Amino acid sequence: MKKKVIALSLSGLMVVGGFVSAPNSVGAVGEGPNYGGNESIQTSILHTYNELVEFLKTQDAKQNDMELEVIGQTVKGRDIYLAKYISNPSNPTILFLTQQHGNEQLTTEGALEFIKHLGTNKMKGVLDHVNILIVPMLNADGAMGDVNFSLDDYVADGGRHLTRYNAVGADLNRDHVAKIHPETQALHNNVLKKYKINYMIDLHHQGTQSEIDGKYVSGSILYPTNRNVKPEVLERSKKLGAVVFNAINSKGWGNIGKYNGGSEETIGRNGAAVQYDISTLLFEMRGMSDHNYESYVLGQKSNGYLIKQTITTLDAATRAIANGSIENVDTSFWNTLPTQTTRPSGEETE
C-alpha cells in the first residue's frame with residue numbers, strides 16, 4: 001500500500017521545486033524572539049516522531065538511492081533512524097546530524113525537506129560522487145517531551161513540549177567521551193565507527209539574542225577546537241565552514257557569525273574530529289522551538305527562512321564535496337569572521 005507523505009505545514013512556508021522559500025517580508029534575523037507579543041509558539045506545526053518515521057518510510061519506498069536503517073533506540077525505546085545514500089563506498093561521505101537537543105527542531109524540518117530533494121532530478125548525478133548519511137532526530141524522547149522530569153515551565157503551545165535533554169535529563173552533546181546514554185551509543189557504534197565518514201555537520205539552535213556588529217545573527221558556525229584534532233582534519237573543517245558560509249552569505253537574507261564554543265572532547269564536533277578524524281562543523285541556527293527561558297524561543301515568522309538556511313547548508317556542502325570544489329575553497333574568511341556576542345539575556349550553549 002502506498003504510504004501518504006506527511007507535508008510540512010509550517011506557517012509561511014512554501015515548497016518550490018524541492019526547496020523551501022519564505023515570504024520576503026520576514027527575514028531569518030528579524031527583530032527578536034517575537035514571543036509574548038502577537039504570536040504563540042506552536043509545536044503542533046512540527047513533525048512529531050511518528051510523523052517523521054512515516055515520512056522517512058515513505059521517502060525510502062519512493063527513492064531508489066535511499067536506504068533506511070535503525071541504528072538503535074532511545075531511553076524510551078523509540079527507534080533512531082539513519083537515512084543513507086551510498087552509491088560507492090570509496091566516495092567521500094558526509095554526515096548530517098540533527099536534534100541532539102530535542103527542542104532544536106527546525107534543522108530537522110530542513111533535513112526532511114532535503115531528503116525529499118535528494119529524490120528529485122535536481123540532484124541527478126550528484127549522488128554518484130558523494131555518500132550522504134542523515135540522522136534526522138537523535139533525541140526523539142526530548143523532541144516529544146516524553147521525559148522523566150517536569151516541563152510545566154516550558155513556554156510553547158501545541159500539544160507537546162520539546163526539551164534539550166533526553167528522557168533522564170542528560171545533555172547528549174556532552175556524552176561523546178563516556179557514551180553513557182543509548183542515543184549516543186547508537187550514534188557512535190552504528191554510524192561514526194561503522195562508516196568511513198569524512199565530513200559532519202552537527203546542526204543545532206541557539207538563543208535569539210546573539211549578534212555581530214549590533215545585528216542579530218541568523219546562525220553561527222565553528223570548526224572543532226580541541227587541541228588533539230589533527231591539523232589536516234581542522235583544515236578540512238574550515239573548508240567545510242567556508243562552503244557553508246559562502247552559500248548563506250550569497251543569499252542576502254542570512255547573517256552568520258563565529259560561534260564561541262568549548263574545546264571539550266565531550267562535545268560532538270570535537271569528539272568526532274578527535275576520535276574518528278572526521279572534519280566537523282557546528283551550525284547553530286537562531287532560536288529554539290521550546291524552552292523554559294523565553295528569550296531562547298523564536299517566534300514562528302522566521303521559521304521559513306531558518307528551514308531554508310538548513311536546506312541551503314546541506315545542499316551546498318553536498319555539491320561541493322561531490323564536485324571537489326571544497327578542496328579549493330578559500331578559508332581566510334575565518335580570520336575576519338566576527339565572534340558573536342550575546343545581548344544581556346543569558347548564555348548560549350551548543
# chains A, B, ... in the order shown; residues from 1 in each chain; ligands from 1

$ select_by_dssp --residues "range 16-150 of chain A" --states "strand (DSSP E or B)" --output "PyMOL selection string"
chain A and resi 16+19-21+42+67-73+79-85+93-98+131-135

$ closest_atom_pairs --of "range 290-338 of chain A" --to "range 141-157 of chain A" --cutoff "12 Å" --atoms "only C-alpha atoms" --output "Markdown table"
| residue | atom | partner | partner_atom | distance |
| --- | --- | --- | --- | --- |
| A:Asp290 | CA | A:Ala156 | CA | 5.5 |
| A:His291 | CA | A:Tyr154 | CA | 5.2 |
| A:Asn292 | CA | A:Tyr154 | CA | 4.0 |
| A:Tyr293 | CA | A:Tyr154 | CA | 7.4 |
| A:Glu294 | CA | A:Val155 | CA | 6.8 |
| A:Ser295 | CA | A:Val155 | CA | 10.3 |
| A:Tyr296 | CA | A:Val155 | CA | 10.1 |
| A:Val297 | CA | A:Val155 | CA | 8.1 |
| A:Leu298 | CA | A:Ala156 | CA | 10.3 |
| A:Gly299 | CA | A:Ala156 | CA | 10.2 |
| A:Gln300 | CA | A:Ala156 | CA | 11.1 |

$ closest_residue --among "A:Leu138, A:Leu337, A:Ala247, A:Leu82" --to "Thr184 in chain A" --atoms "only C-alpha atoms"
A:Leu138

$ closest_atom_pairs --of "range 225-337 of chain A" --to "range 164-173 of chain A" --cutoff "12 Å" --atoms "only C-alpha atoms" --output "tab-separated table"
residue	atom	partner	partner_atom	distance
A:Gly262	CA	A:Asn173	CA	11.5
A:Glu264	CA	A:Asn173	CA	10.5
A:Glu265	CA	A:Asn173	CA	10.0
A:Thr266	CA	A:Asn173	CA	7.0
A:Ile267	CA	A:Asn173	CA	5.2
A:Gly268	CA	A:Asn173	CA	5.7
A:Arg269	CA	A:Asn173	CA	9.0
A:Asn270	CA	A:Asn173	CA	10.2
A:Gly271	CA	A:Asn173	CA	9.6
A:Ala272	CA	A:Asn173	CA	11.3
A:Leu282	CA	A:Asn173	CA	11.5
A:Met288	CA	A:Arg164	CA	9.5
A:Ser289	CA	A:Arg164	CA	10.0
A:Asp290	CA	A:Arg164	CA	8.7
A:His291	CA	A:Arg164	CA	7.9
A:Asn292	CA	A:Arg164	CA	10.2
A:Tyr293	CA	A:Arg164	CA	11.8
A:Tyr296	CA	A:Arg164	CA	11.6

$ closest_residue --among "A:Leu203, A:Ile94, A:Ala140, A:Ala320" --to "Gly219 in chain A" --atoms "only C-alpha atoms"
A:Leu203

$ residues_around --residues "range 273-278 of chain A" --least-positions-apart "4" --cutoff "8 Å" --atoms "only C-alpha atoms" --output "number ranges by chain"
A: 192-193, 197-200, 224, 226, 228-230, 233, 265, 269

$ write_last_selection --atoms "N, CA, C and O atoms" --output "mmCIF file, in the first residue's frame"
data_model
loop_
_atom_site.group_PDB
_atom_site.id
_atom_site.type_symbol
_atom_site.label_atom_id
_atom_site.label_comp_id
_atom_site.auth_asym_id
_atom_site.auth_seq_id
_atom_site.Cartn_x
_atom_site.Cartn_y
_atom_site.Cartn_z
ATOM 1 N N LEU A 192 29.275 6.456 13.465
ATOM 2 C CA LEU A 192 30.620 7.031 13.426
ATOM 3 C C LEU A 192 31.709 5.971 13.287
ATOM 4 O O LEU A 192 32.713 6.177 12.592
ATOM 5 N N LYS A 193 31.530 4.833 13.939
ATOM 6 C CA LYS A 193 32.505 3.748 13.832
ATOM 7 C C LYS A 193 32.268 2.863 12.609
ATOM 8 O O LYS A 193 33.211 2.289 12.066
ATOM 9 N N ILE A 197 33.505 8.156 7.480
ATOM 10 C CA ILE A 197 32.911 9.482 7.320
ATOM 11 C C ILE A 197 34.033 10.517 7.224
ATOM 12 O O ILE A 197 34.933 10.555 8.068
ATOM 13 N N ASN A 198 33.954 11.353 6.211
ATOM 14 C CA ASN A 198 34.956 12.394 6.015
ATOM 15 C C ASN A 198 34.543 13.728 6.619
ATOM 16 O O ASN A 198 35.398 14.475 7.130
ATOM 17 N N TYR A 199 33.242 14.020 6.534
ATOM 18 C CA TYR A 199 32.739 15.314 6.994
ATOM 19 C C TYR A 199 31.467 15.109 7.819
ATOM 20 O O TYR A 199 30.709 14.174 7.590
ATOM 21 N N MET A 200 31.232 16.027 8.749
ATOM 22 C CA MET A 200 29.990 16.022 9.514
ATOM 23 C C MET A 200 29.569 17.457 9.791
ATOM 24 O O MET A 200 30.398 18.288 10.170
ATOM 25 N N PRO A 224 36.055 22.248 14.827
ATOM 26 C CA PRO A 224 36.472 21.630 16.090
ATOM 27 C C PRO A 224 37.629 22.416 16.712
ATOM 28 O O PRO A 224 38.535 22.872 16.013
ATOM 29 N N ASN A 226 39.249 21.325 19.817
ATOM 30 C CA ASN A 226 40.052 20.549 20.747
ATOM 31 C C ASN A 226 41.502 20.481 20.256
ATOM 32 O O ASN A 226 41.757 20.336 19.063
ATOM 33 N N ASN A 228 43.645 18.234 20.322
ATOM 34 C CA ASN A 228 44.074 16.948 19.780
ATOM 35 C C ASN A 228 43.577 16.677 18.362
ATOM 36 O O ASN A 228 43.836 15.603 17.815
ATOM 37 N N VAL A 229 42.863 17.624 17.776
ATOM 38 C CA VAL A 229 42.413 17.476 16.393
ATOM 39 C C VAL A 229 43.624 17.615 15.469
ATOM 40 O O VAL A 229 44.411 18.554 15.593
ATOM 41 N N LYS A 230 43.766 16.688 14.536
ATOM 42 C CA LYS A 230 44.893 16.741 13.606
ATOM 43 C C LYS A 230 44.785 17.972 12.700
ATOM 44 O O LYS A 230 43.676 18.364 12.309
ATOM 45 N N VAL A 233 42.677 17.552 9.596
ATOM 46 C CA VAL A 233 41.250 17.448 9.904
ATOM 47 C C VAL A 233 40.680 18.839 10.167
ATOM 48 O O VAL A 233 39.583 19.182 9.702
ATOM 49 N N GLU A 265 36.323 17.460 24.450
ATOM 50 C CA GLU A 265 36.086 16.342 23.553
ATOM 51 C C GLU A 265 34.691 15.762 23.729
ATOM 52 O O GLU A 265 34.165 15.080 22.838
ATOM 53 N N ARG A 269 31.167 17.928 17.924
ATOM 54 C CA ARG A 269 32.070 18.339 16.840
ATOM 55 C C ARG A 269 33.519 18.072 17.198
ATOM 56 O O ARG A 269 34.345 17.787 16.321
#

$ residues_around --residues "Ile307 in chain A" --least-positions-apart "4" --cutoff "7 Å" --atoms "only C-alpha atoms" --output "list in words"
Leu106, Thr107, Glu109, Gly110, Asn303 and Ile311 of chain A

$ closest_atom_pairs --of "range 110-157 of chain A" --to "range 64-68 of chain A" --cutoff "12 Å" --atoms "only C-alpha atoms" --output "JSON lines"
{"residue": "A:Ile115", "atom": "CA", "partner": "A:Met66", "partner_atom": "CA", "distance": 8.8}
{"residue": "A:Lys116", "atom": "CA", "partner": "A:Met66", "partner_atom": "CA", "distance": 10.3}
{"residue": "A:His117", "atom": "CA", "partner": "A:Met66", "partner_atom": "CA", "distance": 11.7}
{"residue": "A:Leu118", "atom": "CA", "partner": "A:Asp65", "partner_atom": "CA", "distance": 8.7}
{"residue": "A:Gly119", "atom": "CA", "partner": "A:Asp65", "partner_atom": "CA", "distance": 7.7}
{"residue": "A:Thr120", "atom": "CA", "partner": "A:Asp65", "partner_atom": "CA", "distance": 10.8}
{"residue": "A:Met123", "atom": "CA", "partner": "A:Asp65", "partner_atom": "CA", "distance": 11.1}
{"residue": "A:Lys124", "atom": "CA", "partner": "A:Asp65", "partner_atom": "CA", "distance": 10.9}
{"residue": "A:Gly125", "atom": "CA", "partner": "A:Asp65", "partner_atom": "CA", "distance": 11.4}
{"residue": "A:Val126", "atom": "CA", "partner": "A:Asp65", "partner_atom": "CA", "distance": 11.5}
{"residue": "A:Leu127", "atom": "CA", "partner": "A:Asp65", "partner_atom": "CA", "distance": 8.2}
{"residue": "A:Asp128", "atom": "CA", "partner": "A:Asp65", "partner_atom": "CA", "distance": 9.9}
{"residue": "A:Val130", "atom": "CA", "partner": "A:Asp65", "partner_atom": "CA", "distance": 11.9}
{"residue": "A:Asn131", "atom": "CA", "partner": "A:Asp65", "partner_atom": "CA", "distance": 10.3}
{"residue": "A:Ile132", "atom": "CA", "partner": "A:Met66", "partner_atom": "CA", "distance": 9.5}
{"residue": "A:Leu133", "atom": "CA", "partner": "A:Glu67", "partner_atom": "CA", "distance": 9.7}
{"residue": "A:Ile134", "atom": "CA", "partner": "A:Leu68", "partner_atom": "CA", "distance": 9.7}
{"residue": "A:Val135", "atom": "CA", "partner": "A:Leu68", "partner_atom": "CA", "distance": 10.2}
{"residue": "A:Pro136", "atom": "CA", "partner": "A:Leu68", "partner_atom": "CA", "distance": 11.5}

$ select_by_dssp --residues "range 130-301 of chain A" --states "helix (DSSP H, G or I)" --output "MDAnalysis selection string"
chainID A and resid 140:144 172:174 182:192 231:249 268:276 294:296 300:301

$ residues_around --residues "His181 in chain A" --least-positions-apart "4" --cutoff "8 Å" --atoms "only C-alpha atoms" --output "PDB file with N, CA, C and O atoms, in the first residue's frame"
ATOM      1  N   VAL A  75      16.113   6.086  25.199  1.00  0.00           N
ATOM      2  CA  VAL A  75      15.821   5.593  26.546  1.00  0.00           C
ATOM      3  C   VAL A  75      14.415   5.010  26.609  1.00  0.00           C
ATOM      4  O   VAL A  75      14.189   3.954  27.211  1.00  0.00           O
ATOM      5  N   LEU A 172      22.927  15.137  25.534  1.00  0.00           N
ATOM      6  CA  LEU A 172      23.627  14.185  24.673  1.00  0.00           C
ATOM      7  C   LEU A 172      24.875  14.786  24.052  1.00  0.00           C
ATOM      8  O   LEU A 172      25.822  14.057  23.721  1.00  0.00           O
ATOM      9  N   ASP A 175      28.157  13.913  25.902  1.00  0.00           N
ATOM     10  CA  ASP A 175      28.323  12.485  26.193  1.00  0.00           C
ATOM     11  C   ASP A 175      29.150  11.767  25.132  1.00  0.00           C
ATOM     12  O   ASP A 175      29.009  10.566  24.935  1.00  0.00           O
ATOM     13  N   GLN A 185      25.393   6.114  22.248  1.00  0.00           N
ATOM     14  CA  GLN A 185      25.972   4.816  21.894  1.00  0.00           C
ATOM     15  C   GLN A 185      25.563   4.412  20.474  1.00  0.00           C
ATOM     16  O   GLN A 185      26.387   3.911  19.700  1.00  0.00           O
TER      17      GLN A 185
END

$ atom_distance --atom1 "CA of Asn323 in chain A" --atom2 "CA of Phe96 in chain A"
18.3 Å

$ closest_residue --among "A:Leu234, A:Ile256, A:Val244, A:Leu306" --to "Tyr216 in chain A" --atoms "only C-alpha atoms"
A:Ile256

$ residues_around --residues "Asn328 in chain A" --least-positions-apart "4" --cutoff "12 Å" --atoms "only C-alpha atoms" --output "MDAnalysis selection string"
chainID A and resid 235:236 238:240 242:243 320:321 323:324 332
